[in-house]
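**Q** Take a look at target-v5.cif, mmCIF, C-alpha atoms and all ligand atoms:
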```
data_data
loop_
_atom_site.group_PDB
_atom_site.id
_atom_site.type_symbol
_atom_site.label_atom_id
_atom_site.label_comp_id
_atom_site.auth_asym_id
_atom_site.auth_seq_id
_atom_site.Cartn_x
_atom_site.Cartn_y
_atom_site.Cartn_z
ATOM 1 C CA MET A 1 72.405 -1.508 30.065
ATOM 2 C CA LYS A 2 68.959 -2.247 31.427
ATOM 3 C CA THR A 3 67.241 -5.387 30.204
ATOM 4 C CA ALA A 4 64.107 -5.323 32.319
ATOM 5 C CA LEU A 5 61.689 -2.854 33.884
ATOM 6 C CA ILE A 6 59.613 -3.323 37.013
ATOM 7 C CA LEU A 7 56.559 -1.076 37.073
ATOM 8 C CA ASP A 8 54.133 -0.094 39.791
ATOM 9 C CA LEU A 9 50.453 0.189 38.777
ATOM 10 C CA ASP A 10 48.495 2.807 40.757
ATOM 11 C CA ASN A 11 49.496 6.388 39.915
ATOM 12 C CA THR A 12 52.342 5.069 37.774
ATOM 13 C CA ILE A 13 50.475 3.580 34.810
ATOM 14 C CA TYR A 14 47.193 5.437 35.339
ATOM 15 C CA PRO A 15 45.958 8.170 37.702
ATOM 16 C CA VAL A 16 43.910 6.851 40.639
ATOM 17 C CA THR A 17 42.011 10.148 40.680
ATOM 18 C CA SER A 18 40.379 9.042 37.411
ATOM 19 C CA ILE A 19 38.535 6.236 39.206
ATOM 20 C CA GLY A 20 38.912 7.337 42.823
ATOM 21 C CA ASP A 21 35.589 9.088 43.311
ATOM 22 C CA LYS A 22 33.610 6.066 42.264
ATOM 23 C CA LEU A 23 35.874 3.440 43.739
ATOM 24 C CA PHE A 24 36.400 4.982 47.144
ATOM 25 C CA ALA A 25 32.950 6.550 47.638
ATOM 26 C CA PRO A 26 31.791 3.749 49.982
ATOM 27 C CA VAL A 27 35.048 3.974 51.975
ATOM 28 C CA LEU A 28 34.801 7.765 52.274
ATOM 29 C CA GLU A 29 31.204 7.389 53.406
ATOM 30 C CA LEU A 30 32.302 4.842 55.989
ATOM 31 C CA MET A 31 35.021 7.222 57.204
ATOM 32 C CA SER A 32 32.497 10.020 57.599
ATOM 33 C CA GLU A 33 30.248 7.686 59.616
ATOM 34 C CA HIS A 34 33.228 7.077 61.900
ATOM 35 C CA ARG A 35 34.259 10.716 61.865
ATOM 36 C CA GLN A 36 34.220 11.032 65.686
ATOM 37 C CA SER A 37 36.826 8.316 66.058
ATOM 38 C CA LEU A 38 39.306 10.280 63.915
ATOM 39 C CA SER A 39 41.222 13.472 64.631
ATOM 40 C CA ASP A 40 40.790 16.322 62.123
ATOM 41 C CA ALA A 41 44.326 15.829 60.856
ATOM 42 C CA ASP A 42 43.956 12.055 60.464
ATOM 43 C CA TYR A 43 40.622 12.446 58.687
ATOM 44 C CA GLU A 44 42.018 14.964 56.174
ATOM 45 C CA THR A 45 45.180 12.916 55.610
ATOM 46 C CA ALA A 46 43.180 9.711 55.114
ATOM 47 C CA LYS A 47 40.930 11.321 52.484
ATOM 48 C CA LYS A 48 43.993 12.228 50.416
ATOM 49 C CA GLU A 49 46.201 9.223 51.049
ATOM 50 C CA ILE A 50 43.471 6.721 50.199
ATOM 51 C CA LEU A 51 44.212 7.627 46.560
ATOM 52 C CA ARG A 52 47.932 7.020 46.950
ATOM 53 C CA LYS A 53 48.580 4.264 49.422
ATOM 54 C CA PRO A 54 47.180 0.813 50.193
ATOM 55 C CA PHE A 55 44.183 0.943 52.539
ATOM 56 C CA GLN A 56 46.037 -0.963 55.268
ATOM 57 C CA LYS A 57 48.821 1.642 55.288
ATOM 58 C CA VAL A 58 46.349 4.517 55.462
ATOM 59 C CA ALA A 59 44.452 2.785 58.283
ATOM 60 C CA GLU A 60 47.650 2.425 60.282
ATOM 61 C CA MET A 61 49.015 5.881 59.483
ATOM 62 C CA CYS A 62 45.731 7.630 60.342
ATOM 63 C CA HIS A 63 44.979 5.626 63.482
ATOM 64 C CA PHE A 64 41.761 3.991 62.269
ATOM 65 C CA SER A 65 39.893 2.091 64.969
ATOM 66 C CA GLU A 66 39.742 -1.674 64.633
ATOM 67 C CA GLU A 67 36.088 -1.415 63.646
ATOM 68 C CA LEU A 68 36.712 1.168 60.923
ATOM 69 C CA THR A 69 39.660 -0.840 59.604
ATOM 70 C CA GLU A 70 37.648 -4.074 59.486
ATOM 71 C CA LYS A 71 34.671 -2.415 57.792
ATOM 72 C CA GLY A 72 36.925 -0.740 55.238
ATOM 73 C CA LEU A 73 38.667 -4.029 54.481
ATOM 74 C CA ALA A 74 35.286 -5.724 54.057
ATOM 75 C CA LEU A 75 34.259 -3.083 51.506
ATOM 76 C CA LEU A 76 37.454 -3.273 49.464
ATOM 77 C CA ARG A 77 38.158 -6.982 49.711
ATOM 78 C CA ASN A 78 35.437 -7.802 47.222
ATOM 79 C CA ALA A 79 35.499 -4.579 45.238
ATOM 80 C CA SER A 80 36.286 -4.459 41.554
ATOM 81 C CA TYR A 81 36.322 -1.667 39.018
ATOM 82 C CA GLU A 82 34.311 -2.293 35.887
ATOM 83 C CA GLY A 83 34.258 1.182 34.348
ATOM 84 C CA PRO A 84 36.423 2.336 31.444
ATOM 85 C CA MET A 85 40.040 3.146 32.334
ATOM 86 C CA GLN A 86 42.855 4.827 30.449
ATOM 87 C CA PRO A 87 46.591 4.677 31.131
ATOM 88 C CA PHE A 88 48.542 7.940 31.361
ATOM 89 C CA GLU A 89 49.206 9.204 27.859
ATOM 90 C CA ASP A 90 52.987 8.870 28.294
ATOM 91 C CA TYR A 91 52.655 5.232 29.384
ATOM 92 C CA GLN A 92 52.566 4.493 25.661
ATOM 93 C CA SER A 93 56.274 5.418 25.435
ATOM 94 C CA VAL A 94 57.112 2.751 28.027
ATOM 95 C CA ARG A 95 54.766 0.236 26.486
ATOM 96 C CA GLU A 96 56.594 0.577 23.171
ATOM 97 C CA LEU A 97 60.031 -0.143 24.652
ATOM 98 C CA ASP A 98 61.377 -3.481 23.492
ATOM 99 C CA ILE A 99 62.377 -4.646 26.955
ATOM 100 C CA ILE A 100 61.089 -7.242 29.429
ATOM 101 C CA LYS A 101 58.557 -5.730 31.827
ATOM 102 C CA PHE A 102 57.183 -6.883 35.140
ATOM 103 C CA LEU A 103 54.220 -5.408 36.997
ATOM 104 C CA VAL A 104 54.439 -5.384 40.785
ATOM 105 C CA THR A 105 51.471 -3.849 42.556
ATOM 106 C CA THR A 106 50.220 -3.824 46.137
ATOM 107 C CA GLY A 107 46.507 -4.081 46.840
ATOM 108 C CA PHE A 108 43.464 -6.311 46.972
ATOM 109 C CA THR A 109 43.823 -9.148 44.462
ATOM 110 C CA LYS A 110 40.349 -8.876 42.923
ATOM 111 C CA LEU A 111 40.495 -5.095 42.621
ATOM 112 C CA GLN A 112 44.012 -4.978 41.173
ATOM 113 C CA ASN A 113 43.086 -7.666 38.646
ATOM 114 C CA SER A 114 40.000 -5.720 37.561
ATOM 115 C CA LYS A 115 42.077 -2.579 36.980
ATOM 116 C CA ILE A 116 44.672 -4.489 34.959
ATOM 117 C CA ARG A 117 41.833 -5.904 32.853
ATOM 118 C CA GLN A 118 40.083 -2.556 32.334
ATOM 119 C CA LEU A 119 43.382 -0.916 31.342
ATOM 120 C CA GLY A 120 44.105 -3.707 28.848
ATOM 121 C CA ILE A 121 47.749 -3.908 29.900
ATOM 122 C CA ALA A 122 48.185 -7.561 30.916
ATOM 123 C CA GLY A 123 49.906 -8.355 27.622
ATOM 124 C CA ASP A 124 52.613 -5.768 28.292
ATOM 125 C CA PHE A 125 54.160 -7.853 31.081
ATOM 126 C CA ARG A 126 56.220 -11.019 31.305
ATOM 127 C CA LYS A 127 54.757 -11.573 34.737
ATOM 128 C CA ILE A 128 52.321 -9.752 37.017
ATOM 129 C CA TYR A 129 52.690 -9.847 40.796
ATOM 130 C CA ILE A 130 49.932 -8.651 43.106
ATOM 131 C CA VAL A 131 51.133 -8.198 46.665
ATOM 132 C CA ASP A 132 47.903 -8.505 48.653
ATOM 133 C CA PRO A 133 48.527 -7.634 52.313
ATOM 134 C CA GLU A 134 45.492 -9.741 53.229
ATOM 135 C CA THR A 135 47.016 -12.935 51.930
ATOM 136 C CA THR A 136 50.778 -12.514 52.171
ATOM 137 C CA GLU A 137 53.476 -11.151 54.410
ATOM 138 C CA GLN A 138 55.653 -10.591 51.357
ATOM 139 C CA THR A 139 56.576 -7.089 50.280
ATOM 140 C CA LYS A 140 57.607 -5.508 47.007
ATOM 141 C CA LYS A 141 61.214 -5.907 48.153
ATOM 142 C CA ASP A 142 60.724 -9.699 48.364
ATOM 143 C CA ILE A 143 59.147 -9.766 44.906
ATOM 144 C CA PHE A 144 62.024 -7.765 43.400
ATOM 145 C CA GLN A 145 64.417 -10.361 44.822
ATOM 146 C CA PHE A 146 62.332 -13.215 43.360
ATOM 147 C CA ILE A 147 62.412 -11.538 39.954
ATOM 148 C CA VAL A 148 66.196 -11.196 40.042
ATOM 149 C CA LYS A 149 66.549 -14.865 40.994
ATOM 150 C CA ASP A 150 63.784 -16.452 38.927
ATOM 151 C CA PHE A 151 64.683 -14.694 35.706
ATOM 152 C CA GLY A 152 68.458 -14.916 36.130
ATOM 153 C CA LEU A 153 68.859 -11.142 36.160
ATOM 154 C CA LYS A 154 71.494 -8.970 37.738
ATOM 155 C CA LYS A 155 70.425 -6.014 39.825
ATOM 156 C CA GLU A 156 72.134 -3.655 37.403
ATOM 157 C CA ASP A 157 69.917 -5.024 34.603
ATOM 158 C CA LEU A 158 66.826 -3.628 36.279
ATOM 159 C CA LEU A 159 65.051 -0.297 36.536
ATOM 160 C CA VAL A 160 62.131 0.098 38.932
ATOM 161 C CA ILE A 161 59.509 2.716 38.043
ATOM 162 C CA GLY A 162 57.021 4.024 40.583
ATOM 163 C CA ASP A 163 55.375 7.004 42.223
ATOM 164 C CA ASP A 164 55.744 6.121 45.916
ATOM 165 C CA PRO A 165 59.018 6.915 47.724
ATOM 166 C CA ASP A 166 57.911 4.741 50.666
ATOM 167 C CA SER A 167 57.049 1.701 48.584
ATOM 168 C CA GLU A 168 58.761 0.510 45.393
ATOM 169 C CA ILE A 169 61.359 3.303 45.467
ATOM 170 C CA GLN A 170 62.439 2.450 48.996
ATOM 171 C CA ALA A 171 62.508 -1.273 48.128
ATOM 172 C CA ALA A 172 64.673 -0.661 45.055
ATOM 173 C CA VAL A 173 67.064 1.664 46.896
ATOM 174 C CA SER A 174 67.491 -0.828 49.746
ATOM 175 C CA LEU A 175 68.392 -3.561 47.247
ATOM 176 C CA GLY A 176 70.733 -1.368 45.209
ATOM 177 C CA ILE A 177 68.477 -1.456 42.138
ATOM 178 C CA ASP A 178 68.244 1.704 40.049
ATOM 179 C CA CYS A 179 64.854 3.380 40.196
ATOM 180 C CA PHE A 180 62.898 6.200 38.610
ATOM 181 C CA LEU A 181 60.543 8.215 40.794
ATOM 182 C CA PHE A 182 57.645 9.268 38.579
ATOM 183 C CA ASP A 183 56.560 12.535 40.151
ATOM 184 C CA PRO A 184 54.326 14.341 37.631
ATOM 185 C CA GLU A 185 53.129 16.918 40.166
ATOM 186 C CA GLY A 186 56.564 17.670 41.633
ATOM 187 C CA ARG A 187 55.315 16.456 44.987
ATOM 188 C CA TYR A 188 58.669 15.471 46.457
ATOM 189 C CA ASP A 189 61.555 17.880 47.105
ATOM 190 C CA GLU A 190 64.092 15.246 47.958
ATOM 191 C CA THR A 191 64.297 11.642 46.986
ATOM 192 C CA ALA A 192 66.619 8.704 47.426
ATOM 193 C CA ALA A 193 65.621 7.554 43.934
ATOM 194 C CA THR A 194 68.396 7.180 41.364
ATOM 195 C CA PHE A 195 66.393 9.182 38.851
ATOM 196 C CA ARG A 196 63.251 11.246 38.968
ATOM 197 C CA GLY A 197 61.084 12.939 36.419
ATOM 198 C CA THR A 198 57.675 14.291 35.575
ATOM 199 C CA SER A 199 57.095 12.163 32.485
ATOM 200 C CA LEU A 200 57.339 8.480 31.653
ATOM 201 C CA THR A 201 58.836 9.467 28.295
ATOM 202 C CA GLN A 202 62.093 10.067 30.227
ATOM 203 C CA VAL A 203 62.458 6.344 31.000
ATOM 204 C CA LYS A 204 63.807 5.623 27.531
ATOM 205 C CA GLU A 205 66.916 7.710 28.225
ATOM 206 C CA LEU A 206 67.739 5.728 31.360
ATOM 207 C CA LEU A 207 68.147 2.317 29.791
ATOM 208 C CA PHE A 208 71.779 2.634 28.658
HETATM 209 MG MG MG B 1 51.702 3.685 43.065
#
```
Could you render the structure from this file as structure tokens?
**A**
Amino acid sequence: MKTALILDLDNTIYPVTSIGDKLFAPVLELMSEHRQSLSDADYETAKKEILRKPFQKVAEMCHFSEELTEKGLALLRNASYEGPMQPFEDYQSVRELDIIKFLVTTGFTKLQNSKIRQLGIAGDFRKIYIVDPETTEQTKKDIFQFIVKDFGLKKEDLLVIGDDPDSEIQAAVSLGIDCFLFDPEGRYDETAATFRGTSLTQVKELLF
């Protein structure tokens, strides 16, 4: 039986597309200014992946120059989102579960904190961990291990919920922790995740 959930934030609790245009407009503008330094494929991939993966990962994956990377980091380091935000409708079904919850999210500390505030979800979690690649070498995998240790949990007590096969899902699989790949658009054909589904309402069935 599961006694605790670990949730990802971006594209798991709310859709990044709902704030992406506004939030990433300066970064997209910067990318278009540096268009010549990027191949067509890298430019197109970066425009999409910026909504799904941490900036540093996109920069590496799409071969951003050092200058473009530094300028992008400078833009996002101090960014925050102050507009209204709504969780996914089916997040409510997870929120209502009487189970300990942890939030583990990768990104810029100030920005992640502003999103948590605008979503009004801080009270849902026993503890919130922001893995900021600018300030720590730690990964989600490290944080999952801290949670197990610090809260006296067993791996089988936990279920990790996230949308990114390369991030929290991979970390959970490598540690032998059960995980649910939330894939509302049916983006992934194959997954190493223990469970997968298109709705967060399915989580409830996985706790026993
Ligand atoms: Mg995510």
**Q** Within 7 Å of ligand MG 1 (chain B), which residues of chain A show up? Give each one with its shortest atom-to-atom distance in Å (one decimal) and the two atoms involved, counting all atoms listed in the file, rows by chain then rising residue number, as JSON lines.
**A**
```
{"residue": "A:Asp8", "atom": "CA", "partner": "B:MG1", "partner_atom": "MG", "distance": 5.6}
{"residue": "A:Leu9", "atom": "CA", "partner": "B:MG1", "partner_atom": "MG", "distance": 5.7}
{"residue": "A:Asp10", "atom": "CA", "partner": "B:MG1", "partner_atom": "MG", "distance": 4.0}
{"residue": "A:Asn11", "atom": "CA", "partner": "B:MG1", "partner_atom": "MG", "distance": 4.7}
{"residue": "A:Thr12", "atom": "CA", "partner": "B:MG1", "partner_atom": "MG", "distance": 5.5}
{"residue": "A:Arg52", "atom": "CA", "partner": "B:MG1", "partner_atom": "MG", "distance": 6.4}
{"residue": "A:Gly162", "atom": "CA", "partner": "B:MG1", "partner_atom": "MG", "distance": 5.9}
{"residue": "A:Asp163", "atom": "CA", "partner": "B:MG1", "partner_atom": "MG", "distance": 5.0}
{"residue": "A:Asp164", "atom": "CA", "partner": "B:MG1", "partner_atom": "MG", "distance": 5.5}
```
**Q** Kindly provide the residues of region 48-95 of chain A that approach region 192-203 of chain A to within 7 Å, each paired with its closest atom pair and their distance in Å to one decimal, based on all atoms listed in the file, listed by chain and increasing number, as CSV.
**A**
```
residue,atom,partner,partner_atom,distance
A:Asp90,CA,A:Leu200,CA,5.5
A:Tyr91,CA,A:Leu200,CA,6.1
A:Ser93,CA,A:Thr201,CA,5.6
A:Val94,CA,A:Leu200,CA,6.8
```
**Q** Tell me which protein, DNA and RNA residues are within 12 Å of Thr105 (chain A), counting all atoms listed in the file, leaving out same-chain ones fewer than 3 positions away, and put them as an MDAnalysis selection string.
**A** chainID A and resid 6:13 53:54 102 108:109 111:113 115:116 127:133 138:141 143:144 160:164 167:168
**Q** Which residues come within 12 Å of Pro84 (chain A), counting all atoms listed in the file, excluding same-chain residues fewer than 4 positions away, as a PyMOL selection string?
**A** chain A and resi 14+18-19+22+114-120
**Q** For CA of Leu75 (chain A) and CA of Ile121 (chain A), determine how far apart the two atoms are, in Å to one decimal place.
**A**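 Here the two named atoms are 25.5 Å from each other.
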**Q** Which residue is closest to Gly83 (chain A)? Choose from A:Gly20, A:Lys154, A:Val148, A:Thr191 and count all atoms listed in the file.
**A**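 Distance minimum relative to Gly83 (chain A) lands on A:Gly20.
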**Q** Could you tell me how far CA of Gln36 (chain A) sits from CA of His63 (chain A), in Å to one decimal place?
**A** 12.2 Å
**Q** As an exercise, work out the distance from CA of Pro26 (chain A) to CA of Thr45 (chain A) in Å and give it to one decimal place.
**A**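 Distance reported for this atom pair: 17.2 Å.
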**Q** Please report, as lines of an AutoDock Vina configuration file, the centre and edge lengths in Å to one decimal of an axis-aligned box covering all listed atoms of region 194-203 of chain A with 4 Å per side.
**A**
```
center_x = 62.7
center_y = 10.3
center_z = 34.8
size_x = 19.3
size_y = 15.9
size_z = 21.1
```
**Q** Would you mind telling me which residue in A:Glu96, A:Asp40, A:Glu60, A:Glu82 lies nearest to Lys110 (chain A) when using only C-alpha atoms?
**A** A:Glu82
**Q** Which is closer to Ala172 (chain A) than all the others in A:Leu5, A:Pro184, A:Glu44, A:Leu159, using all atoms listed in the file?
**A**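 Under the stated criterion, the closest residue is A:Leu159.
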**Q** Please rebuild region 120-143 of chain A with N, CA, C and O atoms and return the result as an mmCIF file, in the coordinates of the input.
**A**
```
data_model
loop_
_atom_site.group_PDB
_atom_site.id
_atom_site.type_symbol
_atom_site.label_atom_id
_atom_site.label_comp_id
_atom_site.auth_asym_id
_atom_site.auth_seq_id
_atom_site.Cartn_x
_atom_site.Cartn_y
_atom_site.Cartn_z
ATOM 1 N N GLY A 120 43.642 -2.934 30.013
ATOM 2 C CA GLY A 120 44.105 -3.707 28.848
ATOM 3 C C GLY A 120 45.622 -3.782 28.749
ATOM 4 O O GLY A 120 46.193 -3.710 27.663
ATOM 5 N N ILE A 121 46.281 -3.958 29.888
ATOM 6 C CA ILE A 121 47.749 -3.908 29.900
ATOM 7 C C ILE A 121 48.408 -5.252 30.213
ATOM 8 O O ILE A 121 49.641 -5.338 30.228
ATOM 9 N N ALA A 122 47.605 -6.280 30.473
ATOM 10 C CA ALA A 122 48.185 -7.561 30.916
ATOM 11 C C ALA A 122 49.245 -8.062 29.936
ATOM 12 O O ALA A 122 50.282 -8.592 30.347
ATOM 13 N N GLY A 123 48.993 -7.862 28.649
ATOM 14 C CA GLY A 123 49.906 -8.355 27.622
ATOM 15 C C GLY A 123 51.244 -7.626 27.575
ATOM 16 O O GLY A 123 52.171 -8.064 26.889
ATOM 17 N N ASP A 124 51.352 -6.531 28.294
ATOM 18 C CA ASP A 124 52.613 -5.768 28.292
ATOM 19 C C ASP A 124 53.672 -6.422 29.181
ATOM 20 O O ASP A 124 54.843 -6.038 29.124
ATOM 21 N N PHE A 125 53.254 -7.374 30.027
ATOM 22 C CA PHE A 125 54.160 -7.853 31.081
ATOM 23 C C PHE A 125 54.500 -9.331 30.964
ATOM 24 O O PHE A 125 53.638 -10.162 30.675
ATOM 25 N N ARG A 126 55.772 -9.639 31.240
ATOM 26 C CA ARG A 126 56.220 -11.019 31.305
ATOM 27 C C ARG A 126 55.521 -11.710 32.473
ATOM 28 O O ARG A 126 55.080 -12.839 32.381
ATOM 29 N N LYS A 127 55.448 -11.006 33.580
ATOM 30 C CA LYS A 127 54.757 -11.573 34.737
ATOM 31 C C LYS A 127 54.176 -10.453 35.591
ATOM 32 O O LYS A 127 54.772 -9.382 35.690
ATOM 33 N N ILE A 128 53.006 -10.732 36.171
ATOM 34 C CA ILE A 128 52.321 -9.752 37.017
ATOM 35 C C ILE A 128 52.269 -10.286 38.441
ATOM 36 O O ILE A 128 51.892 -11.441 38.657
ATOM 37 N N TYR A 129 52.701 -9.462 39.389
ATOM 38 C CA TYR A 129 52.690 -9.847 40.796
ATOM 39 C C TYR A 129 51.768 -8.902 41.557
ATOM 40 O O TYR A 129 51.960 -7.681 41.507
ATOM 41 N N ILE A 130 50.778 -9.467 42.236
ATOM 42 C CA ILE A 130 49.932 -8.651 43.106
ATOM 43 C C ILE A 130 50.281 -8.997 44.551
ATOM 44 O O ILE A 130 50.131 -10.147 44.972
ATOM 45 N N VAL A 131 50.793 -8.010 45.251
ATOM 46 C CA VAL A 131 51.133 -8.198 46.665
ATOM 47 C C VAL A 131 49.902 -7.784 47.463
ATOM 48 O O VAL A 131 49.608 -6.594 47.596
ATOM 49 N N ASP A 132 49.148 -8.774 47.935
ATOM 50 C CA ASP A 132 47.903 -8.505 48.653
ATOM 51 C C ASP A 132 48.168 -8.664 50.148
ATOM 52 O O ASP A 132 48.368 -9.783 50.627
ATOM 53 N N PRO A 133 48.194 -7.553 50.884
ATOM 54 C CA PRO A 133 48.527 -7.634 52.313
ATOM 55 C C PRO A 133 47.580 -8.540 53.103
ATOM 56 O O PRO A 133 47.912 -8.961 54.207
ATOM 57 N N GLU A 134 46.414 -8.855 52.517
ATOM 58 C CA GLU A 134 45.492 -9.741 53.229
ATOM 59 C C GLU A 134 45.905 -11.205 53.139
ATOM 60 O O GLU A 134 45.458 -12.025 53.925
ATOM 61 N N THR A 135 46.708 -11.522 52.134
ATOM 62 C CA THR A 135 47.016 -12.935 51.930
ATOM 63 C C THR A 135 48.504 -13.253 52.025
ATOM 64 O O THR A 135 48.882 -14.416 51.943
ATOM 65 N N THR A 136 49.340 -12.234 52.123
ATOM 66 C CA THR A 136 50.778 -12.514 52.171
ATOM 67 C C THR A 136 51.516 -11.516 53.053
ATOM 68 O O THR A 136 51.096 -10.380 53.201
ATOM 69 N N GLU A 137 52.595 -12.018 53.628
ATOM 70 C CA GLU A 137 53.476 -11.151 54.410
ATOM 71 C C GLU A 137 54.565 -10.573 53.512
ATOM 72 O O GLU A 137 55.352 -9.736 53.939
ATOM 73 N N GLN A 138 54.612 -11.051 52.270
ATOM 74 C CA GLN A 138 55.653 -10.591 51.357
ATOM 75 C C GLN A 138 55.483 -9.103 51.040
ATOM 76 O O GLN A 138 54.392 -8.558 51.141
ATOM 77 N N THR A 139 56.587 -8.494 50.646
ATOM 78 C CA THR A 139 56.576 -7.089 50.280
ATOM 79 C C THR A 139 57.112 -6.949 48.856
ATOM 80 O O THR A 139 57.597 -7.919 48.267
ATOM 81 N N LYS A 140 57.050 -5.740 48.339
ATOM 82 C CA LYS A 140 57.607 -5.508 47.007
ATOM 83 C C LYS A 140 59.103 -5.858 46.978
ATOM 84 O O LYS A 140 59.607 -6.360 45.987
ATOM 85 N N LYS A 141 59.780 -5.584 48.082
ATOM 86 C CA LYS A 141 61.214 -5.907 48.153
ATOM 87 C C LYS A 141 61.438 -7.408 47.928
ATOM 88 O O LYS A 141 62.331 -7.800 47.178
ATOM 89 N N ASP A 142 60.611 -8.243 48.560
ATOM 90 C CA ASP A 142 60.724 -9.699 48.364
ATOM 91 C C ASP A 142 60.499 -10.055 46.895
ATOM 92 O O ASP A 142 61.230 -10.865 46.326
ATOM 93 N N ILE A 143 59.482 -9.451 46.306
ATOM 94 C CA ILE A 143 59.147 -9.766 44.906
ATOM 95 C C ILE A 143 60.300 -9.358 43.984
ATOM 96 O O ILE A 143 60.655 -10.088 43.060
#
```
